Amino acid sequence: MIAHIFEDLCNGCGSCVNACPTHVLDPSPAGGPPVIARLDQCQTCFMCELYCASDAIYVGPDQRGPEIVDPETVRASGALGQMRRDHIWNAPPGDQEPLAEYWRLGPLLMEGAQISARRYALKHPPIEPAAEPASPDKAPATASSR
Amino acid sequence: MSGLDLSTEVLVIGGGMAAAWAAIAAAQQGASVTLVDKGFVGTSGVTATAGPGHWWVPPDPKQRQATIEKRYPSSYGLAEKAWMERVIDVTWRTLPQLAPYYAFGKDGDGNTYYPGVRGPEYLRALRAYALDSGVRVLDHHPALELLLHQDGSVAGAAGYARLDRRAWTIRAGAVILATGGCAFRSGLIGSHTNTGDGHLMAAEAGAELSGMEFSSIYTLSPAWCSTRTLPYTASRFFDAAGEELDIPPALADRDHHRALAKAMLEGPVFADLSEAPPALRPILHRIQPATVAPFQRKGVRLFDERFEVKLFGEGTIRGTGGLRIVDEDCQTTVRGLFAAGDTATRELIVGASSGGGSPNSAWALTSGQIAGIAGARLAKADGVRAGERATPAGRAGLRPAGAIAPVDERAAIQTVRDEMLSYDKALWRRRETLQASLVRLDDAWNDVATHRQAEGLDQVAARETAALVASARWSTRAALDRNETRGLHARADAPDLSPDGGKRLLVGGLDEVWTRPEADKPQTAVEVAA
């Protein structure tokens, strides 16, 4: 859940208030950092970090309840801005670098699935001549991630 | 602050991919289009936080026919091949339109890679495309209810602008519901806003639903945070004592989830990713950044340390049920009211099995396009009729049937979670437990519908609560009345296909929930009345 907004980094632009899909934040009445007004609605989706151009927001990893963090430990951890750096969110339009590896999602997902399928088959040699052929409904849950 | 009153030819409700594609299509037809979303178009919903793959088959008739023939059996007779073909075709022709806004990369062979897109970038691109197409986008404008003309056709919607703290009313010639499916507040990433709002609004206007029994499906994630599933497919699993569990592989789908669920009912289950594809380690953060962060920040070495996992319910998102579609235009049983994406039943293309992943994404795009074009056409033909009287259709949470009294909404939502997400109740459905669930859900409904009257911002949560309970009741009642096992719907007390089960099961109603098998040819309510 969203755990801390760094007052010294926040420029009060309000992007996170707007970007949060679940209305966790209220704008500060004084133009300062936004107020975490409805923490129970935070779904730990990291979208506020992605839309914070000042890298001033830290979302904790646990969605089950409020998290107490030490701001200076977070600052030193390098986590601030990590989501934007990994996405290469500020790349110029048309730059293919941010999504250069993206096509590998499907093949790697399937490779993992086949690793576990082979492992299972070794432990469970088929008794019948052939198991039911893989029907299309068995693949989608893993063949493509939403 | 005074309210916002607008008039538009096409009103789109929702902010995910289906909503955006619908708004774009309607605007390209020359209609004035307003899109209202509960959240922010760009971060809202389950696509924004994920990476949808689209059903992607080149326009070679043989290849497409082979794809459809291979897929069709898993629908257990509930899909329609013509719809499958149409969805594949529209997706193939439409998705590349996004190229000016989305930097499609290359695949391993140097060709442009279209079908798989990353959620935040995809939705950012769709937002830009919609705005450039002339769509008026109103973020944080949750719709609370539909407005109806005296003849029963849809007249617009009303809602509450939650950042501006004021009511809004929008009259429209056509309304497209693209509010997503319902995950029953499971904690699934991106699904907090997916509470079945569109289902409830539509049902109050007289719409029917279909396939709501196909709603028991889960995804695996670390116990502390729902993520995407890319790294987990090669996982080994262990119990708390360190004994390896015998879990069928991820490809076994329901058997995989059932075995995990069974183990989780007995105690904590831990995943071990040490056998994951080696190529994944250095680039996972470049593919799914938000999957890596919950591990790094918790100090768990994803590939080198065992960690506790749990199953997050997907409800009707990866399930297939939703509003019934009665014509080629994605219209519901209410004239002028269209459904797109996960708000609509996806039985048309996947029947009783999950369309999770690429079919559902292709459906969202296609149904959005179809509904957008049809909505624009209808609005042009009939006009907005803004001078006519329009009646608000919302009930539960807004206009209680009895004496106004405090209602424990948290308790109502917990009831939904207990009845819909408990592994034993969802994956081994039985008549007795379904009946007991219905009693509890009916009580929750009666409480909200009879007593709750929310004001201001509280209306949003009150309507979410009502929609969650309503969706849970439709799912449970349909699961009770489909007395067989078919696709995603697994009855422990009726483990086989029934010869009578090859029809879609319609469900609807608010205070009294009903079901009936679908007749062969659907008709709109207006046609029936005429």
# chains A, B, ... in the order shown; residues from 1 in each chain; ligands from 1

$ residues_around --residues "region 110-114 of chain B" --least-positions-apart "2" --cutoff "9 Å" --atoms "only C-alpha atoms" --output "list in words"
Tyr102 and Trp103 of chain A; Gly53, His54, Trp56, Leu95, Pro96, Phe104, Gly105, Lys106, Asp107, Gly108, Gly116 and Val117 of chain B

$ write_last_selection --atoms "N, CA and C atoms" --output "CSV table (one decimal), in the first residue's frame"
chain,number,residue,atom,x,y,z
A,102,TYR,N,9.5,-7.0,-24.6
A,102,TYR,CA,8.2,-7.4,-24.2
A,102,TYR,C,7.6,-8.6,-25.0
A,103,TRP,N,8.1,-8.8,-26.2
A,103,TRP,CA,7.6,-9.9,-27.0
A,103,TRP,C,8.0,-11.2,-26.3
B,53,GLY,N,-2.5,-9.8,-24.0
B,53,GLY,CA,-2.2,-10.4,-25.3
B,53,GLY,C,-3.5,-10.4,-26.1
B,54,HIS,N,-3.5,-10.2,-27.4
B,54,HIS,CA,-4.7,-10.2,-28.2
B,54,HIS,C,-4.7,-11.5,-29.1
B,56,TRP,N,-4.6,-13.3,-32.1
B,56,TRP,CA,-3.9,-12.7,-33.2
B,56,TRP,C,-3.7,-13.8,-34.3
B,95,LEU,N,-6.0,-3.2,-34.1
B,95,LEU,CA,-4.9,-2.9,-33.1
B,95,LEU,C,-3.8,-2.1,-33.7
B,96,PRO,N,-3.3,-2.4,-35.0
B,96,PRO,CA,-2.2,-1.6,-35.5
B,96,PRO,C,-2.5,-0.1,-35.6
B,104,PHE,N,5.0,-0.1,-30.7
B,104,PHE,CA,5.1,-1.6,-30.9
B,104,PHE,C,6.6,-2.0,-31.2
B,105,GLY,N,7.1,-2.9,-30.4
B,105,GLY,CA,8.5,-3.3,-30.6
B,105,GLY,C,8.6,-4.4,-31.7
B,106,LYS,N,9.7,-5.0,-31.7
B,106,LYS,CA,9.9,-6.1,-32.7
B,106,LYS,C,9.8,-7.5,-32.0
B,107,ASP,N,9.5,-8.5,-32.7
B,107,ASP,CA,9.5,-9.8,-32.1
B,107,ASP,C,11.0,-10.4,-32.4
B,108,GLY,N,11.2,-11.6,-32.0
B,108,GLY,CA,12.6,-12.1,-32.1
B,108,GLY,C,13.1,-12.2,-33.6
B,116,GLY,N,0.9,-8.6,-28.1
B,116,GLY,CA,1.0,-8.4,-26.7
B,116,GLY,C,1.5,-7.0,-26.4
B,117,VAL,N,0.7,-6.3,-25.5
B,117,VAL,CA,1.0,-4.9,-25.2
B,117,VAL,C,1.1,-4.8,-23.7

$ residues_around --residues "Glu432 (chain B)" --least-positions-apart "4" --cutoff "12 Å" --atoms "only C-alpha atoms" --output "list in words"
Lys425, Trp428, Ala436, Ser437, Leu438, Val439, Thr476, Ala479, Leu480, Arg491, Ala492 and Asp493 of chain B

$ select_by_dssp --residues "region 16-146 of chain A" --states "helix (DSSP H, G or I)" --output "PDB file with N, CA and C atoms, in the first residue's frame"
ATOM      1  N   CYS A  16      -0.605  12.495  -9.152  1.00  0.00           N
ATOM      2  CA  CYS A  16      -0.935  11.230  -8.492  1.00  0.00           C
ATOM      3  C   CYS A  16      -2.392  11.211  -8.048  1.00  0.00           C
ATOM      4  N   VAL A  17      -2.901  12.362  -7.615  1.00  0.00           N
ATOM      5  CA  VAL A  17      -4.307  12.436  -7.200  1.00  0.00           C
ATOM      6  C   VAL A  17      -5.194  12.046  -8.373  1.00  0.00           C
ATOM      7  N   ASN A  18      -4.817  12.532  -9.546  1.00  0.00           N
ATOM      8  CA  ASN A  18      -5.588  12.250 -10.739  1.00  0.00           C
ATOM      9  C   ASN A  18      -5.362  10.822 -11.238  1.00  0.00           C
ATOM     10  N   ALA A  19      -4.127  10.353 -11.158  1.00  0.00           N
ATOM     11  CA  ALA A  19      -3.801   9.052 -11.751  1.00  0.00           C
ATOM     12  C   ALA A  19      -4.280   7.887 -10.898  1.00  0.00           C
ATOM     13  N   LEU A  39      -6.710   5.128   2.541  1.00  0.00           N
ATOM     14  CA  LEU A  39      -5.707   4.077   2.364  1.00  0.00           C
ATOM     15  C   LEU A  39      -6.350   2.715   2.117  1.00  0.00           C
ATOM     16  N   ASP A  40      -7.530   2.499   2.703  1.00  0.00           N
ATOM     17  CA  ASP A  40      -8.190   1.196   2.541  1.00  0.00           C
ATOM     18  C   ASP A  40      -8.563   0.918   1.089  1.00  0.00           C
ATOM     19  N   GLN A  41      -8.554   1.951   0.244  1.00  0.00           N
ATOM     20  CA  GLN A  41      -8.872   1.732  -1.164  1.00  0.00           C
ATOM     21  C   GLN A  41      -7.622   1.477  -2.019  1.00  0.00           C
ATOM     22  N   MET A  47       0.624   2.587  -9.692  1.00  0.00           N
ATOM     23  CA  MET A  47       0.351   3.551 -10.754  1.00  0.00           C
ATOM     24  C   MET A  47       0.696   4.985 -10.322  1.00  0.00           C
ATOM     25  N   CYS A  48       0.534   5.290  -9.043  1.00  0.00           N
ATOM     26  CA  CYS A  48       0.869   6.642  -8.594  1.00  0.00           C
ATOM     27  C   CYS A  48       2.367   6.899  -8.762  1.00  0.00           C
ATOM     28  N   GLU A  49       3.178   5.869  -8.504  1.00  0.00           N
ATOM     29  CA  GLU A  49       4.628   6.027  -8.697  1.00  0.00           C
ATOM     30  C   GLU A  49       4.943   6.290 -10.166  1.00  0.00           C
ATOM     31  N   LEU A  50       4.250   5.555 -11.029  1.00  0.00           N
ATOM     32  CA  LEU A  50       4.518   5.683 -12.461  1.00  0.00           C
ATOM     33  C   LEU A  50       4.210   7.096 -12.953  1.00  0.00           C
ATOM     34  N   PRO A  71      11.351   6.609   6.147  1.00  0.00           N
ATOM     35  CA  PRO A  71      11.573   7.324   4.881  1.00  0.00           C
ATOM     36  C   PRO A  71      13.041   7.339   4.444  1.00  0.00           C
ATOM     37  N   GLU A  72      13.940   7.483   5.375  1.00  0.00           N
ATOM     38  CA  GLU A  72      15.345   7.577   4.970  1.00  0.00           C
ATOM     39  C   GLU A  72      15.878   6.225   4.488  1.00  0.00           C
ATOM     40  N   THR A  73      15.370   5.153   5.066  1.00  0.00           N
ATOM     41  CA  THR A  73      15.742   3.822   4.563  1.00  0.00           C
ATOM     42  C   THR A  73      15.229   3.637   3.142  1.00  0.00           C
ATOM     43  N   VAL A  74      13.992   4.080   2.924  1.00  0.00           N
ATOM     44  CA  VAL A  74      13.421   3.982   1.573  1.00  0.00           C
ATOM     45  C   VAL A  74      14.248   4.814   0.596  1.00  0.00           C
ATOM     46  N   ARG A  75      14.581   6.009   0.994  1.00  0.00           N
ATOM     47  CA  ARG A  75      15.339   6.903   0.121  1.00  0.00           C
ATOM     48  C   ARG A  75      16.680   6.268  -0.260  1.00  0.00           C
ATOM     49  N   ALA A  76      17.307   5.643   0.714  1.00  0.00           N
ATOM     50  CA  ALA A  76      18.619   5.041   0.473  1.00  0.00           C
ATOM     51  C   ALA A  76      18.527   3.740  -0.327  1.00  0.00           C
ATOM     52  N   SER A  77      17.316   3.146  -0.375  1.00  0.00           N
ATOM     53  CA  SER A  77      17.183   1.821  -1.005  1.00  0.00           C
ATOM     54  C   SER A  77      17.216   1.875  -2.524  1.00  0.00           C
ATOM     55  N   GLN A  82      11.924   3.730  -9.187  1.00  0.00           N
ATOM     56  CA  GLN A  82      12.258   2.440  -9.803  1.00  0.00           C
ATOM     57  C   GLN A  82      11.238   2.044 -10.872  1.00  0.00           C
ATOM     58  N   MET A  83       9.967   2.260 -10.575  1.00  0.00           N
ATOM     59  CA  MET A  83       8.926   1.858 -11.521  1.00  0.00           C
ATOM     60  C   MET A  83       9.062   2.637 -12.828  1.00  0.00           C
ATOM     61  N   ARG A  84       9.369   3.902 -12.712  1.00  0.00           N
ATOM     62  CA  ARG A  84       9.527   4.723 -13.926  1.00  0.00           C
ATOM     63  C   ARG A  84      10.781   4.326 -14.705  1.00  0.00           C
ATOM     64  N   ARG A  85      11.838   4.004 -13.973  1.00  0.00           N
ATOM     65  CA  ARG A  85      13.060   3.594 -14.668  1.00  0.00           C
ATOM     66  C   ARG A  85      12.866   2.257 -15.369  1.00  0.00           C
ATOM     67  N   ASP A  86      12.229   1.293 -14.690  1.00  0.00           N
ATOM     68  CA  ASP A  86      12.040  -0.027 -15.307  1.00  0.00           C
ATOM     69  C   ASP A  86      11.125   0.054 -16.535  1.00  0.00           C
ATOM     70  N   HIS A  87      10.125   0.901 -16.441  1.00  0.00           N
ATOM     71  CA  HIS A  87       9.228   1.074 -17.601  1.00  0.00           C
ATOM     72  C   HIS A  87       9.890   1.905 -18.710  1.00  0.00           C
ATOM     73  N   GLU A  97      12.852   1.139 -27.192  1.00  0.00           N
ATOM     74  CA  GLU A  97      13.621   0.548 -26.106  1.00  0.00           C
ATOM     75  C   GLU A  97      12.750   0.088 -24.927  1.00  0.00           C
ATOM     76  N   PRO A  98      11.748   0.882 -24.490  1.00  0.00           N
ATOM     77  CA  PRO A  98      10.978   0.453 -23.316  1.00  0.00           C
ATOM     78  C   PRO A  98      10.329  -0.916 -23.493  1.00  0.00           C
ATOM     79  N   LEU A  99       9.931  -1.241 -24.719  1.00  0.00           N
ATOM     80  CA  LEU A  99       9.201  -2.489 -24.933  1.00  0.00           C
ATOM     81  C   LEU A  99      10.016  -3.483 -25.758  1.00  0.00           C
ATOM     82  N   TYR A 102       9.529  -6.993 -24.621  1.00  0.00           N
ATOM     83  CA  TYR A 102       8.168  -7.363 -24.239  1.00  0.00           C
ATOM     84  C   TYR A 102       7.649  -8.601 -24.967  1.00  0.00           C
ATOM     85  N   TRP A 103       8.078  -8.782 -26.201  1.00  0.00           N
ATOM     86  CA  TRP A 103       7.605  -9.928 -26.984  1.00  0.00           C
ATOM     87  C   TRP A 103       7.985 -11.249 -26.316  1.00  0.00           C
ATOM     88  N   ARG A 104       8.947 -11.223 -25.408  1.00  0.00           N
ATOM     89  CA  ARG A 104       9.413 -12.470 -24.808  1.00  0.00           C
ATOM     90  C   ARG A 104       8.491 -12.962 -23.693  1.00  0.00           C
ATOM     91  N   LEU A 105       7.516 -12.156 -23.308  1.00  0.00           N
ATOM     92  CA  LEU A 105       6.595 -12.567 -22.239  1.00  0.00           C
ATOM     93  C   LEU A 105       5.952 -13.918 -22.554  1.00  0.00           C
ATOM     94  N   GLY A 106       5.319 -14.016 -23.696  1.00  0.00           N
ATOM     95  CA  GLY A 106       4.601 -15.237 -24.055  1.00  0.00           C
ATOM     96  C   GLY A 106       5.511 -16.456 -24.101  1.00  0.00           C
ATOM     97  N   PRO A 107       6.612 -16.393 -24.855  1.00  0.00           N
ATOM     98  CA  PRO A 107       7.512 -17.545 -24.926  1.00  0.00           C
ATOM     99  C   PRO A 107       8.094 -17.945 -23.561  1.00  0.00           C
ATOM    100  N   LEU A 108       8.440 -16.965 -22.728  1.00  0.00           N
ATOM    101  CA  LEU A 108       9.023 -17.309 -21.426  1.00  0.00           C
ATOM    102  C   LEU A 108       7.977 -17.907 -20.491  1.00  0.00           C
ATOM    103  N   LEU A 109       6.759 -17.381 -20.582  1.00  0.00           N
ATOM    104  CA  LEU A 109       5.673 -17.930 -19.785  1.00  0.00           C
ATOM    105  C   LEU A 109       5.428 -19.389 -20.166  1.00  0.00           C
ATOM    106  N   MET A 110       5.421 -19.644 -21.476  1.00  0.00           N
ATOM    107  CA  MET A 110       5.175 -21.001 -21.951  1.00  0.00           C
ATOM    108  C   MET A 110       6.356 -21.911 -21.619  1.00  0.00           C
ATOM    109  N   GLU A 111       7.569 -21.358 -21.697  1.00  0.00           N
ATOM    110  CA  GLU A 111       8.740 -22.168 -21.352  1.00  0.00           C
ATOM    111  C   GLU A 111       8.658 -22.628 -19.897  1.00  0.00           C
ATOM    112  N   GLY A 112       8.262 -21.721 -19.015  1.00  0.00           N
ATOM    113  CA  GLY A 112       8.085 -22.087 -17.612  1.00  0.00           C
ATOM    114  C   GLY A 112       7.019 -23.152 -17.446  1.00  0.00           C
ATOM    115  N   ALA A 113       5.909 -22.984 -18.162  1.00  0.00           N
ATOM    116  CA  ALA A 113       4.814 -23.948 -18.065  1.00  0.00           C
ATOM    117  C   ALA A 113       5.265 -25.331 -18.538  1.00  0.00           C
ATOM    118  N   GLN A 114       6.097 -25.337 -19.557  1.00  0.00           N
ATOM    119  CA  GLN A 114       6.570 -26.630 -20.059  1.00  0.00           C
ATOM    120  C   GLN A 114       7.570 -27.275 -19.107  1.00  0.00           C
ATOM    121  N   ILE A 115       8.342 -26.460 -18.426  1.00  0.00           N
ATOM    122  CA  ILE A 115       9.267 -26.996 -17.416  1.00  0.00           C
ATOM    123  C   ILE A 115       8.471 -27.737 -16.332  1.00  0.00           C
ATOM    124  N   SER A 116       7.405 -27.091 -15.845  1.00  0.00           N
ATOM    125  CA  SER A 116       6.627 -27.760 -14.793  1.00  0.00           C
ATOM    126  C   SER A 116       5.853 -28.955 -15.345  1.00  0.00           C
ATOM    127  N   ALA A 117       5.428 -28.874 -16.597  1.00  0.00           N
ATOM    128  CA  ALA A 117       4.711 -30.011 -17.193  1.00  0.00           C
ATOM    129  C   ALA A 117       5.637 -31.219 -17.339  1.00  0.00           C
ATOM    130  N   ARG A 118       6.868 -30.982 -17.783  1.00  0.00           N
ATOM    131  CA  ARG A 118       7.830 -32.094 -17.923  1.00  0.00           C
ATOM    132  C   ARG A 118       8.153 -32.700 -16.562  1.00  0.00           C
ATOM    133  N   ARG A 119       8.336 -31.839 -15.584  1.00  0.00           N
ATOM    134  CA  ARG A 119       8.659 -32.314 -14.235  1.00  0.00           C
ATOM    135  C   ARG A 119       7.523 -33.185 -13.703  1.00  0.00           C
ATOM    136  N   TYR A 120       6.306 -32.744 -13.943  1.00  0.00           N
ATOM    137  CA  TYR A 120       5.143 -33.506 -13.461  1.00  0.00           C
ATOM    138  C   TYR A 120       5.031 -34.840 -14.189  1.00  0.00           C
ATOM    139  N   ALA A 121       5.288 -34.817 -15.479  1.00  0.00           N
ATOM    140  CA  ALA A 121       5.178 -36.047 -16.275  1.00  0.00           C
ATOM    141  C   ALA A 121       6.212 -37.082 -15.831  1.00  0.00           C
ATOM    142  N   LEU A 122       7.383 -36.629 -15.432  1.00  0.00           N
ATOM    143  CA  LEU A 122       8.410 -37.567 -14.961  1.00  0.00           C
ATOM    144  C   LEU A 122       7.953 -38.292 -13.700  1.00  0.00           C
ATOM    145  N   LYS A 123       7.242 -37.561 -12.856  1.00  0.00           N
ATOM    146  CA  LYS A 123       6.755 -38.151 -11.600  1.00  0.00           C
ATOM    147  C   LYS A 123       5.502 -38.989 -11.813  1.00  0.00           C
ATOM    148  N   PRO A 136      -7.821 -26.368 -26.052  1.00  0.00           N
ATOM    149  CA  PRO A 136      -7.439 -24.954 -26.063  1.00  0.00           C
ATOM    150  C   PRO A 136      -7.770 -24.230 -24.770  1.00  0.00           C
ATOM    151  N   ASP A 137      -8.765 -24.721 -24.036  1.00  0.00           N
ATOM    152  CA  ASP A 137      -9.126 -23.979 -22.832  1.00  0.00           C
ATOM    153  C   ASP A 137      -8.099 -24.169 -21.731  1.00  0.00           C
ATOM    154  N   LYS A 138      -7.196 -25.121 -21.924  1.00  0.00           N
ATOM    155  CA  LYS A 138      -6.220 -25.339 -20.856  1.00  0.00           C
ATOM    156  C   LYS A 138      -5.019 -24.415 -21.014  1.00  0.00           C
ATOM    157  N   PRO A 140      -5.051 -20.965 -22.278  1.00  0.00           N
ATOM    158  CA  PRO A 140      -5.117 -19.507 -22.199  1.00  0.00           C
ATOM    159  C   PRO A 140      -4.709 -18.911 -20.867  1.00  0.00           C
ATOM    160  N   ALA A 141      -5.027 -19.601 -19.769  1.00  0.00           N
ATOM    161  CA  ALA A 141      -4.730 -19.000 -18.477  1.00  0.00           C
ATOM    162  C   ALA A 141      -3.242 -18.722 -18.339  1.00  0.00           C
ATOM    163  N   THR A 142      -2.438 -19.497 -19.014  1.00  0.00           N
ATOM    164  CA  THR A 142      -1.002 -19.282 -18.894  1.00  0.00           C
ATOM    165  C   THR A 142      -0.375 -18.823 -20.198  1.00  0.00           C
ATOM    166  N   ALA A 143      -1.037 -19.084 -21.305  1.00  0.00           N
ATOM    167  CA  ALA A 143      -0.418 -18.776 -22.585  1.00  0.00           C
ATOM    168  C   ALA A 143      -0.330 -17.277 -22.820  1.00  0.00           C
TER     169      ALA A 143
END

$ closest_residue --among "A:Cys20, A:Ala30, A:Ala91, A:Met1" --to "Tyr51 (chain A)" --atoms "only C-alpha atoms"
A:Cys20

$ residues_around --residues "Ala172 (chain B)" --least-positions-apart "6" --cutoff "10 Å" --atoms "only C-alpha atoms" --output "PDB file with N, CA and C atoms, in the first residue's frame"
ATOM      1  N   LEU B   6     -24.705  17.687 -19.010  1.00  0.00           N
ATOM      2  CA  LEU B   6     -24.174  17.622 -20.368  1.00  0.00           C
ATOM      3  C   LEU B   6     -25.112  16.826 -21.249  1.00  0.00           C
ATOM      4  N   SER B   7     -24.900  17.012 -22.536  1.00  0.00           N
ATOM      5  CA  SER B   7     -25.612  16.204 -23.516  1.00  0.00           C
ATOM      6  C   SER B   7     -24.592  15.742 -24.538  1.00  0.00           C
ATOM      7  N   THR B   8     -24.671  14.478 -24.927  1.00  0.00           N
ATOM      8  CA  THR B   8     -23.703  13.913 -25.857  1.00  0.00           C
ATOM      9  C   THR B   8     -24.410  12.851 -26.685  1.00  0.00           C
ATOM     10  N   GLU B   9     -23.926  12.615 -27.898  1.00  0.00           N
ATOM     11  CA  GLU B   9     -24.594  11.570 -28.687  1.00  0.00           C
ATOM     12  C   GLU B   9     -24.315  10.188 -28.111  1.00  0.00           C
ATOM     13  N   VAL B  10     -23.042   9.923 -27.811  1.00  0.00           N
ATOM     14  CA  VAL B  10     -22.690   8.616 -27.246  1.00  0.00           C
ATOM     15  C   VAL B  10     -22.007   8.824 -25.904  1.00  0.00           C
ATOM     16  N   LEU B  11     -22.501   8.134 -24.901  1.00  0.00           N
ATOM     17  CA  LEU B  11     -21.876   8.149 -23.579  1.00  0.00           C
ATOM     18  C   LEU B  11     -21.246   6.782 -23.330  1.00  0.00           C
ATOM     19  N   VAL B  12     -19.952   6.782 -23.037  1.00  0.00           N
ATOM     20  CA  VAL B  12     -19.255   5.544 -22.695  1.00  0.00           C
ATOM     21  C   VAL B  12     -18.966   5.578 -21.208  1.00  0.00           C
ATOM     22  N   SER B  32     -20.610  12.913 -31.312  1.00  0.00           N
ATOM     23  CA  SER B  32     -20.029  13.526 -30.121  1.00  0.00           C
ATOM     24  C   SER B  32     -19.994  12.458 -29.036  1.00  0.00           C
ATOM     25  N   VAL B  33     -18.840  12.315 -28.396  1.00  0.00           N
ATOM     26  CA  VAL B  33     -18.639  11.208 -27.460  1.00  0.00           C
ATOM     27  C   VAL B  33     -18.113  11.742 -26.132  1.00  0.00           C
ATOM     28  N   THR B  34     -18.734  11.310 -25.065  1.00  0.00           N
ATOM     29  CA  THR B  34     -18.225  11.598 -23.726  1.00  0.00           C
ATOM     30  C   THR B  34     -17.947  10.278 -23.037  1.00  0.00           C
ATOM     31  N   LEU B 147     -30.362   6.518 -16.789  1.00  0.00           N
ATOM     32  CA  LEU B 147     -31.620   7.245 -16.956  1.00  0.00           C
ATOM     33  C   LEU B 147     -32.387   6.587 -18.088  1.00  0.00           C
ATOM     34  N   VAL B 154     -32.710   3.692 -23.127  1.00  0.00           N
ATOM     35  CA  VAL B 154     -31.787   4.397 -22.238  1.00  0.00           C
ATOM     36  C   VAL B 154     -31.689   5.865 -22.665  1.00  0.00           C
ATOM     37  N   ALA B 155     -31.626   6.751 -21.669  1.00  0.00           N
ATOM     38  CA  ALA B 155     -31.625   8.195 -21.940  1.00  0.00           C
ATOM     39  C   ALA B 155     -30.338   8.871 -21.498  1.00  0.00           C
ATOM     40  N   GLY B 156     -29.466   8.137 -20.811  1.00  0.00           N
ATOM     41  CA  GLY B 156     -28.233   8.728 -20.306  1.00  0.00           C
ATOM     42  C   GLY B 156     -27.853   8.108 -18.987  1.00  0.00           C
ATOM     43  N   ALA B 157     -27.109   8.858 -18.200  1.00  0.00           N
ATOM     44  CA  ALA B 157     -26.671   8.344 -16.909  1.00  0.00           C
ATOM     45  C   ALA B 157     -26.457   9.510 -15.962  1.00  0.00           C
ATOM     46  N   GLY B 336     -30.754   0.909 -26.865  1.00  0.00           N
ATOM     47  CA  GLY B 336     -29.807   2.011 -26.728  1.00  0.00           C
ATOM     48  C   GLY B 336     -28.704   1.753 -25.713  1.00  0.00           C
ATOM     49  N   GLY B 375     -23.554   2.460 -31.515  1.00  0.00           N
ATOM     50  CA  GLY B 375     -24.074   3.517 -30.654  1.00  0.00           C
ATOM     51  C   GLY B 375     -24.134   4.841 -31.391  1.00  0.00           C
ATOM     52  N   ALA B 379     -27.544   6.899 -32.171  1.00  0.00           N
ATOM     53  CA  ALA B 379     -27.694   8.274 -31.674  1.00  0.00           C
ATOM     54  C   ALA B 379     -27.958   9.237 -32.823  1.00  0.00           C
ATOM     55  N   GLY B 383     -31.455  10.650 -32.379  1.00  0.00           N
ATOM     56  CA  GLY B 383     -31.185  11.900 -31.678  1.00  0.00           C
ATOM     57  C   GLY B 383     -30.978  11.657 -30.190  1.00  0.00           C
ATOM     58  N   VAL B 384     -30.592  12.712 -29.502  1.00  0.00           N
ATOM     59  CA  VAL B 384     -30.311  12.571 -28.070  1.00  0.00           C
ATOM     60  C   VAL B 384     -31.597  12.638 -27.239  1.00  0.00           C
ATOM     61  N   ARG B 385     -32.642  13.212 -27.779  1.00  0.00           N
ATOM     62  CA  ARG B 385     -33.951  13.279 -27.099  1.00  0.00           C
ATOM     63  C   ARG B 385     -33.830  13.930 -25.720  1.00  0.00           C
ATOM     64  N   ALA B 386     -32.957  14.950 -25.653  1.00  0.00           N
ATOM     65  CA  ALA B 386     -32.673  15.553 -24.345  1.00  0.00           C
ATOM     66  C   ALA B 386     -33.876  16.304 -23.786  1.00  0.00           C
TER      67      ALA B 386
END

$ atom_distance --atom1 "CA of Gly159 (chain B)" --atom2 "CA of Pro142 (chain B)"
5.7 Å

$ residues_around --residues "Leu80 (chain A)" --least-positions-apart "4" --cutoff "7 Å" --atoms "only C-alpha atoms" --output "PDB file with C-alpha atoms, in the first residue's frame"
ATOM      1  CA  ASP A  55       9.759  10.253  -7.855  1.00  0.00           C
ATOM      2  CA  ALA A  56       8.291  11.364  -4.545  1.00  0.00           C
ATOM      3  CA  ILE A  57       6.008   8.404  -3.793  1.00  0.00           C
ATOM      4  CA  TYR A  58       6.821   5.069  -2.205  1.00  0.00           C
ATOM      5  CA  ARG A  75      15.339   6.903   0.121  1.00  0.00           C
TER       6      ARG A  75
END

$ atom_distance --atom1 "CA of Asp5 (chain B)" --atom2 "CA of Tyr160 (chain B)"
11.4 Å

$ residues_around --residues "Gly14 (chain A)" --least-positions-apart "3" --cutoff "9 Å" --atoms "only C-alpha atoms" --output "NGL selection string"
:A and (11 or 17-19 or 26-28 or 31 or 33-34 or 52)

$ closest_residue --among "A:Thr22, A:Gly81, A:Ile68, A:Pro92" --to "chain B" --atoms "only C-alpha atoms"
A:Thr22

$ select_by_dssp --residues "region 377-465 of chain B" --states "strand (DSSP E or B)" --output "list in words"
Thr391, Pro392, Gly397, Arg429 and Gln453 of chain B

$ residues_around --residues "Ala37 (chain A)" --least-positions-apart "4" --cutoff "9 Å" --atoms "only C-alpha atoms" --output "mmCIF file with C-alpha atoms, in the first residue's frame"
data_model
loop_
_atom_site.group_PDB
_atom_site.id
_atom_site.type_symbol
_atom_site.label_atom_id
_atom_site.label_comp_id
_atom_site.auth_asym_id
_atom_site.auth_seq_id
_atom_site.Cartn_x
_atom_site.Cartn_y
_atom_site.Cartn_z
ATOM 1 C CA HIS A 23 -9.235 7.652 -5.280
ATOM 2 C CA VAL A 24 -6.847 7.106 -2.406
ATOM 3 C CA LEU A 25 -5.477 10.649 -2.429
ATOM 4 C CA ASP A 26 -6.895 14.084 -1.771
#
